[in-house]
file model-v9.cif (mmCIF, C-alpha atoms)
data_work
loop_
_atom_site.label_atom_id
_atom_site.label_comp_id
_atom_site.auth_asym_id
_atom_site.auth_seq_id
_atom_site.Cartn_x
_atom_site.Cartn_y
_atom_site.Cartn_z
CA MET V 1 -23.42 5.86 -27.31
CA LEU V 2 -21.45 8.97 -26.36
CA GLU V 3 -20.41 7.34 -23.09
CA ILE V 4 -19.18 4.25 -24.94
CA LYS V 5 -17.14 6.38 -27.34
CA ALA V 6 -15.63 8.26 -24.41
CA LEU V 7 -14.72 4.98 -22.74
CA GLN V 8 -13.21 3.72 -25.99
CA ARG V 9 -11.05 6.81 -26.35
CA LYS V 10 -9.84 6.45 -22.78
CA PHE V 11 -9.14 2.74 -23.23
CA ASN V 12 -7.40 3.26 -26.60
CA GLN V 13 -5.43 6.25 -25.29
CA ASN V 14 -6.70 8.40 -28.19
CA VAL V 15 -5.26 6.07 -30.85
CA PRO V 16 -7.34 6.30 -34.10
CA ALA V 17 -10.19 3.78 -34.18
CA SER V 18 -8.82 1.79 -37.14
CA GLU V 19 -5.41 1.40 -35.51
CA ALA V 20 -6.94 0.66 -32.11
CA HIS V 21 -8.99 -2.20 -33.57
CA GLU V 22 -5.92 -3.84 -35.08
CA LYS V 23 -3.96 -3.27 -31.89
CA ARG V 24 -6.71 -4.82 -29.82
CA LEU V 25 -6.82 -7.96 -31.99
CA GLU V 26 -3.11 -8.40 -31.35
CA SER V 27 -3.44 -8.06 -27.58
CA LYS V 28 -3.27 -11.11 -25.33
CA GLY V 29 -6.49 -10.10 -23.59
CA GLU V 30 -8.47 -10.01 -26.84
CA GLN V 31 -7.01 -13.30 -28.04
CA LEU V 32 -7.91 -14.93 -24.73
CA GLU V 33 -11.49 -13.67 -25.01
CA ILE V 34 -11.78 -15.12 -28.52
CA LEU V 35 -10.25 -18.43 -27.49
CA ALA V 36 -12.50 -18.77 -24.44
CA ALA V 37 -15.61 -17.87 -26.45
CA ILE V 38 -14.88 -20.57 -29.04
CA ALA V 39 -14.07 -23.31 -26.53
CA LEU V 40 -16.97 -22.60 -24.17
CA PHE V 41 -19.52 -22.12 -26.94
CA LYS V 42 -18.74 -25.55 -28.36
CA LYS V 43 -19.10 -27.23 -24.99
CA LEU V 44 -22.10 -25.37 -23.61
CA ARG V 45 -24.17 -24.33 -26.63
CA ASN V 46 -26.92 -26.93 -26.20
CA ARG V 47 -27.97 -25.73 -22.75
CA PHE V 48 -26.39 -22.29 -22.41
CA ILE V 49 -25.95 -19.10 -24.40
CA VAL V 50 -22.28 -18.08 -24.46
CA ALA V 51 -21.87 -14.47 -25.56
CA ARG V 52 -19.24 -11.78 -25.46
CA THR V 53 -20.59 -8.65 -23.83
CA SER V 54 -21.19 -5.20 -25.27
CA LEU V 55 -18.41 -2.63 -25.35
CA TYR V 56 -20.23 -0.76 -22.59
CA ASP V 57 -20.25 -3.75 -20.24
CA ASP V 58 -16.69 -4.65 -21.20
CA TYR V 59 -15.36 -1.19 -20.38
CA LYS V 60 -17.77 -0.04 -17.67
CA ASN V 61 -18.69 -3.22 -15.79
CA LYS V 62 -15.48 -5.19 -16.42
CA VAL V 63 -17.36 -8.14 -17.90
CA ASP V 64 -15.99 -9.88 -21.00
CA MET V 65 -18.33 -12.83 -21.34
CA LEU V 66 -21.84 -13.76 -20.24
CA ILE V 67 -23.24 -17.29 -19.89
CA ILE V 68 -27.04 -17.64 -19.74
CA GLU V 69 -29.18 -20.73 -19.24
CA ARG V 70 -31.34 -21.12 -22.35
CA ALA V 71 -34.38 -22.69 -20.68
CA THR V 72 -34.88 -19.95 -18.09
CA ASN V 73 -32.95 -16.94 -19.44
CA THR V 74 -31.16 -16.91 -16.08
CA PRO V 75 -27.58 -15.60 -16.12
CA LEU V 76 -25.26 -18.35 -14.90
CA CYS V 77 -22.15 -16.21 -14.55
CA THR V 78 -19.91 -13.57 -16.08
CA ILE V 79 -16.28 -14.15 -16.99
CA ASP V 80 -13.37 -11.74 -17.14
CA GLU V 81 -10.43 -13.39 -18.86
CA VAL V 82 -6.99 -12.29 -17.67
CA SER V 83 -3.62 -13.15 -19.19
CA ALA V 84 -1.67 -12.65 -15.94
CA ILE V 85 -1.34 -15.40 -13.33
CA GLY V 86 0.61 -13.44 -10.74
CA GLY V 87 1.69 -9.98 -9.62
CA PRO V 88 -0.15 -7.00 -8.11
CA LYS V 89 -2.80 -6.68 -10.85
CA PHE V 90 -3.66 -10.36 -10.60
CA GLU V 91 -3.97 -10.20 -6.82
CA GLN V 92 -6.14 -7.10 -7.18
CA LYS V 93 -8.41 -8.97 -9.60
CA LYS V 94 -8.71 -11.90 -7.18
CA ALA V 95 -9.63 -9.64 -4.28
CA PHE V 96 -12.08 -7.58 -6.34
CA THR V 97 -13.89 -10.66 -7.67
CA LEU V 98 -14.19 -12.26 -4.25
CA GLU V 99 -15.61 -9.07 -2.76
CA GLN V 100 -17.91 -8.51 -5.73
CA ASN V 101 -19.54 -11.90 -5.23
CA GLY V 102 -19.57 -11.80 -1.45
CA ARG V 103 -20.31 -8.18 -0.61
CA ARG V 104 -21.35 -6.27 -3.74
CA HIS V 105 -24.16 -8.59 -4.89
CA GLY V 106 -22.40 -9.78 -8.04
CA ALA V 107 -21.91 -8.26 -11.47
CA THR V 108 -24.29 -6.11 -13.50
CA VAL V 109 -24.72 -6.40 -17.26
CA LYS V 110 -26.62 -3.48 -18.74
CA TYR V 111 -26.97 -5.01 -22.19
CA GLY V 112 -27.94 -8.59 -21.42
CA LEU V 113 -30.45 -10.59 -23.42
CA SER V 114 -33.40 -12.93 -23.17
CA VAL V 115 -34.60 -15.34 -25.85
CA SER V 116 -38.19 -16.44 -26.44
CA GLU V 117 -39.07 -20.09 -25.92
CA ASP V 118 -39.21 -20.77 -29.66
CA GLY V 119 -35.95 -18.92 -30.22
CA THR V 120 -37.40 -16.39 -32.64
CA GLN V 121 -37.31 -13.29 -30.42
CA ILE V 122 -34.31 -11.75 -28.68
CA ASP V 123 -34.83 -8.86 -26.27
CA LYS V 124 -32.31 -6.60 -24.56
CA THR V 125 -32.52 -6.73 -20.78
CA GLU V 126 -30.43 -5.57 -17.85
CA MET V 127 -29.16 -8.39 -15.66
CA LEU V 128 -28.28 -8.01 -11.98
CA HIS V 129 -26.72 -10.09 -9.20
CA ILE V 130 -24.68 -12.29 -11.52
CA PRO V 131 -21.89 -14.47 -10.11
CA SER V 132 -18.65 -13.03 -11.45
CA PHE V 133 -15.36 -14.82 -12.07
CA TYR V 134 -11.92 -14.31 -13.55
CA LEU V 135 -10.27 -16.87 -15.80
CA PRO V 136 -6.47 -16.55 -15.92
CA LEU V 137 -4.34 -18.16 -18.61
CA PRO V 138 -0.56 -17.70 -18.89
CA PRO V 139 0.87 -16.41 -22.19
CA ASP V 140 2.47 -19.73 -23.18
CA ARG V 141 -0.84 -21.61 -22.86
CA LEU V 142 -2.62 -18.83 -24.73
CA ALA V 143 -0.12 -19.10 -27.59
CA ALA V 144 -0.59 -22.87 -27.70
CA GLY V 145 -4.36 -22.49 -27.67
CA MET V 146 -4.38 -20.03 -30.57
CA LYS V 147 -2.42 -22.57 -32.63
CA GLU V 148 -4.46 -25.61 -31.64
CA VAL V 149 -8.04 -24.29 -31.52
CA GLU V 150 -10.39 -25.84 -34.08
CA LEU V 151 -12.56 -23.28 -35.84
CA SER V 152 -15.02 -25.97 -36.94
CA LEU V 153 -17.98 -26.51 -34.60
CA GLU V 154 -17.77 -30.22 -35.33
CA LYS V 155 -14.19 -30.61 -34.09
CA GLU V 156 -12.60 -30.10 -30.69
CA SER V 157 -8.88 -30.02 -30.04
CA GLU V 158 -7.19 -31.52 -27.01
CA PHE V 159 -6.48 -27.99 -25.86
CA GLU V 160 -10.20 -27.11 -25.96
CA ASN V 161 -11.08 -30.18 -23.90
CA ASN V 162 -8.40 -29.32 -21.35
CA PHE V 163 -9.48 -25.68 -21.31
CA PHE V 164 -13.05 -26.68 -20.50
CA GLU V 165 -11.89 -28.82 -17.58
CA TYR V 166 -9.79 -25.88 -16.40
CA PHE V 167 -12.81 -23.58 -16.70
CA LYS V 168 -14.97 -25.86 -14.54
CA THR V 169 -12.27 -26.34 -11.90
CA THR V 170 -11.46 -22.62 -11.72
CA ILE V 171 -15.08 -21.47 -11.45
CA ALA V 172 -15.90 -24.17 -8.88
CA ALA V 173 -12.95 -23.09 -6.71
CA GLN V 174 -13.88 -19.40 -6.85
CA THR V 175 -17.52 -20.24 -6.06
CA ALA V 176 -16.55 -22.29 -3.02
CA GLY V 177 -14.18 -19.53 -1.92
CA ALA V 178 -16.90 -16.87 -2.04
CA LEU V 179 -19.40 -19.02 -0.13
CA PHE V 180 -16.79 -19.77 2.53
CA ALA V 181 -15.48 -16.21 2.89
CA TYR V 182 -18.94 -14.59 3.01
CA PRO V 183 -21.38 -16.97 4.76
CA ASN V 184 -23.81 -14.08 5.35
CA MET V 185 -23.83 -12.77 1.79
CA ASP V 186 -26.95 -11.54 0.01
CA ASN V 187 -29.46 -14.40 -0.25
CA THR V 188 -29.96 -13.97 -4.00
CA MET V 189 -26.24 -14.28 -4.60
CA LYS V 190 -25.94 -17.28 -2.31
CA LYS V 191 -28.73 -19.09 -4.19
CA ARG V 192 -27.14 -18.31 -7.54
CA LEU V 193 -23.70 -19.47 -6.42
CA ILE V 194 -25.14 -22.72 -5.09
CA ALA V 195 -27.08 -23.19 -8.33
CA LEU V 196 -23.86 -22.56 -10.22
CA GLN V 197 -22.10 -25.28 -8.23
CA ASP V 198 -24.85 -27.71 -9.23
CA ALA V 199 -24.69 -26.62 -12.87
CA ILE V 200 -20.93 -27.17 -13.03
CA ALA V 201 -21.22 -30.56 -11.34
CA ASN V 202 -23.81 -31.66 -13.90
CA MET V 203 -22.42 -30.07 -17.06
CA ASP V 204 -20.99 -33.31 -18.45
CA ASN V 205 -24.18 -35.29 -17.77
CA THR V 206 -26.34 -32.58 -19.32
CA MET V 207 -24.25 -32.41 -22.48
CA GLU V 208 -24.09 -36.18 -22.80
CA ALA V 209 -27.88 -36.42 -22.55
CA THR V 210 -28.39 -33.60 -25.04
CA THR V 211 -25.82 -34.58 -27.66
CA GLY V 212 -25.86 -38.33 -27.24
CA LYS V 213 -22.13 -38.46 -26.63
CA THR V 214 -19.67 -37.43 -23.99
CA ALA V 215 -18.44 -33.87 -24.25
CA LEU V 216 -14.86 -34.58 -23.27
#
call {"tool": "encode", "arguments": {"input": "model-v9.cif", "output": "structure tokens"}}
result
Amino acid sequence: MLEIKALQRKFNQNVPASEAHEKRLESKGEQLEILAAIALFKKLRNRFIVARTSLYDDYKNKVDMLIIERATNTPLCTIDEVSAIGGPKFEQKKAFTLEQNGRRHGATVKYGLSVSEDGTQIDKTEMLHIPSFYLPLPPDRLAAGMKEVELSLEKESEFENNFFEYFKTTIAAQTAGALFAYPNMDNTMKKRLIALQDAIANMDNTMEATTGKTAL
């Protein structure tokens, strides 16, 4: 807890907690996390758990979102949403993510979770060797998404449908890039990246079978 508070103070640049919370809600990064969580939860909720990570994992491990397969409690991937689509910081994020998947054995989430088969028990568990990705969205598309997103779980906007297609395409491209750039990567990571490719390829079929209708 003390470490989290220290990280918060550093991140907030010693701004009082109440002001920092309001400031964070106004930031593009926070809005993108909220938007992504809503859109992905709607699309994936039948087969996957879509959860925003703890403050510790957000600050310390640079992980904003965690996606877990419900049936096996296996982490599918982590997502770090970024509002920049160019420039030095964006290129640094690209290079870091590629190396993390190919050479550093993926992301770590200290405060992950597992759910019992009947869904009545949730346990905290550390998760290792998770495929890690960044999801960039330019400010104009973020602004459009915040206006168009449907807060109802029973409704999906055109933006949400397009965002989901963008998510699948982006993650698939980064997965293929890591497998190509690091053919001799850790075997656990290679298996998880290949499994992720299969999961993305079958997401629409899985959701159609589960919900009885097409997801898009």
call {"tool": "closest_atom_pairs", "arguments": {"input": "model-v9.cif", "of": "range 95-184 of chain V", "to": "range 38-54 of chain V", "cutoff": "9 Å", "atoms": "only C-alpha atoms", "output": "CSV"}}
result
residue,atom,partner,partner_atom,distance
V:Val109,CA,V:Thr53,CA,8.1
V:Lys110,CA,V:Ser54,CA,8.7
V:Tyr111,CA,V:Ser54,CA,6.6
V:Gly112,CA,V:Thr53,CA,7.7
V:Val149,CA,V:Ala39,CA,7.9
V:Glu150,CA,V:Ile38,CA,8.6
V:Leu151,CA,V:Ile38,CA,7.7
V:Leu153,CA,V:Lys42,CA,6.4
V:Glu154,CA,V:Lys42,CA,8.4
V:Lys155,CA,V:Lys42,CA,8.9
V:Glu156,CA,V:Lys42,CA,8.0
V:Phe159,CA,V:Ala39,CA,8.9
V:Glu160,CA,V:Ala39,CA,5.5
V:Asn161,CA,V:Ala39,CA,7.9
V:Phe163,CA,V:Ala39,CA,7.3
V:Phe164,CA,V:Leu40,CA,6.7
V:Phe167,CA,V:Leu40,CA,8.6
call {"tool": "closest_residue", "arguments": {"input": "model-v9.cif", "among": "V:Gly29, V:Pro136, V:Gly145, V:Gly102", "to": "Ser157 in chain V", "atoms": "all atoms listed in the file"}}
result
V:Gly145
call {"tool": "closest_atom_pairs", "arguments": {"input": "model-v9.cif", "of": "range 85-169 of chain V", "to": "range 191-205 of chain V", "cutoff": "9 Å", "atoms": "only C-alpha atoms", "output": "CSV"}}
result
residue,atom,partner,partner_atom,distance
V:Asn101,CA,V:Leu193,CA,8.7
V:His129,CA,V:Arg192,CA,8.4
V:Ile130,CA,V:Arg192,CA,7.6
V:Pro131,CA,V:Leu193,CA,6.5
V:Lys168,CA,V:Ile200,CA,6.3
V:Thr169,CA,V:Ile200,CA,8.8
call {"tool": "atom_distance", "arguments": {"input": "model-v9.cif", "atom1": "CA of Leu113 in chain V", "atom2": "CA of Leu76 in chain V"}}
result
12.6 Å
call {"tool": "atom_distance", "arguments": {"input": "model-v9.cif", "atom1": "CA of Ala37 in chain V", "atom2": "CA of Pro138 in chain V"}}
result
16.8 Å
call {"tool": "closest_residue", "arguments": {"input": "model-v9.cif", "among": "V:Ser152, V:Gln100, V:Met127, V:Gln121", "to": "Ala178 in chain V", "atoms": "all atoms listed in the file"}}
result
V:Gln100
call {"tool": "closest_residue", "arguments": {"input": "model-v9.cif", "among": "V:Arg141, V:Lys190, V:Arg104, V:Lys147", "to": "Ile85 in chain V", "atoms": "all atoms listed in the file"}}
result
V:Arg141
call {"tool": "resolve_selection", "arguments": {"input": "model-v9.cif", "expression": "the PyMOL selection byres ((chain V and resi 93) around 12)", "output": "mmCIF file with C-alpha atoms, in the coordinates of the input"}}
result
data_model
loop_
_atom_site.group_PDB
_atom_site.id
_atom_site.type_symbol
_atom_site.label_atom_id
_atom_site.label_comp_id
_atom_site.auth_asym_id
_atom_site.auth_seq_id
_atom_site.Cartn_x
_atom_site.Cartn_y
_atom_site.Cartn_z
ATOM 1 C CA LYS V 62 -15.480 -5.190 -16.420
ATOM 2 C CA ILE V 79 -16.280 -14.150 -16.990
ATOM 3 C CA ASP V 80 -13.370 -11.740 -17.140
ATOM 4 C CA GLU V 81 -10.430 -13.390 -18.860
ATOM 5 C CA VAL V 82 -6.990 -12.290 -17.670
ATOM 6 C CA SER V 83 -3.620 -13.150 -19.190
ATOM 7 C CA ALA V 84 -1.670 -12.650 -15.940
ATOM 8 C CA ILE V 85 -1.340 -15.400 -13.330
ATOM 9 C CA GLY V 86 0.610 -13.440 -10.740
ATOM 10 C CA GLY V 87 1.690 -9.980 -9.620
ATOM 11 C CA PRO V 88 -0.150 -7.000 -8.110
ATOM 12 C CA LYS V 89 -2.800 -6.680 -10.850
ATOM 13 C CA PHE V 90 -3.660 -10.360 -10.600
ATOM 14 C CA GLU V 91 -3.970 -10.200 -6.820
ATOM 15 C CA GLN V 92 -6.140 -7.100 -7.180
ATOM 16 C CA LYS V 94 -8.710 -11.900 -7.180
ATOM 17 C CA ALA V 95 -9.630 -9.640 -4.280
ATOM 18 C CA PHE V 96 -12.080 -7.580 -6.340
ATOM 19 C CA THR V 97 -13.890 -10.660 -7.670
ATOM 20 C CA LEU V 98 -14.190 -12.260 -4.250
ATOM 21 C CA GLU V 99 -15.610 -9.070 -2.760
ATOM 22 C CA GLN V 100 -17.910 -8.510 -5.730
ATOM 23 C CA SER V 132 -18.650 -13.030 -11.450
ATOM 24 C CA PHE V 133 -15.360 -14.820 -12.070
ATOM 25 C CA TYR V 134 -11.920 -14.310 -13.550
ATOM 26 C CA LEU V 135 -10.270 -16.870 -15.800
ATOM 27 C CA PRO V 136 -6.470 -16.550 -15.920
#
call {"tool": "atom_distance", "arguments": {"input": "model-v9.cif", "atom1": "CA of Ser114 in chain V", "atom2": "CA of Asp57 in chain V"}}
result
16.3 Å
call {"tool": "closest_residue", "arguments": {"input": "model-v9.cif", "among": "V:Thr170, V:Lys28, V:Leu179, V:Leu35", "to": "Glu148 in chain V", "atoms": "all atoms listed in the file"}}
result
V:Leu35
call {"tool": "closest_residue", "arguments": {"input": "model-v9.cif", "among": "V:Pro75, V:Gly119, V:Gly106, V:Pro139", "to": "Ser27 in chain V", "atoms": "only C-alpha atoms"}}
result
V:Pro139
call {"tool": "closest_residue", "arguments": {"input": "model-v9.cif", "among": "V:Ala144, V:Leu137, V:Leu128, V:Ala181", "to": "Thr74 in chain V", "atoms": "all atoms listed in the file"}}
result
V:Leu128
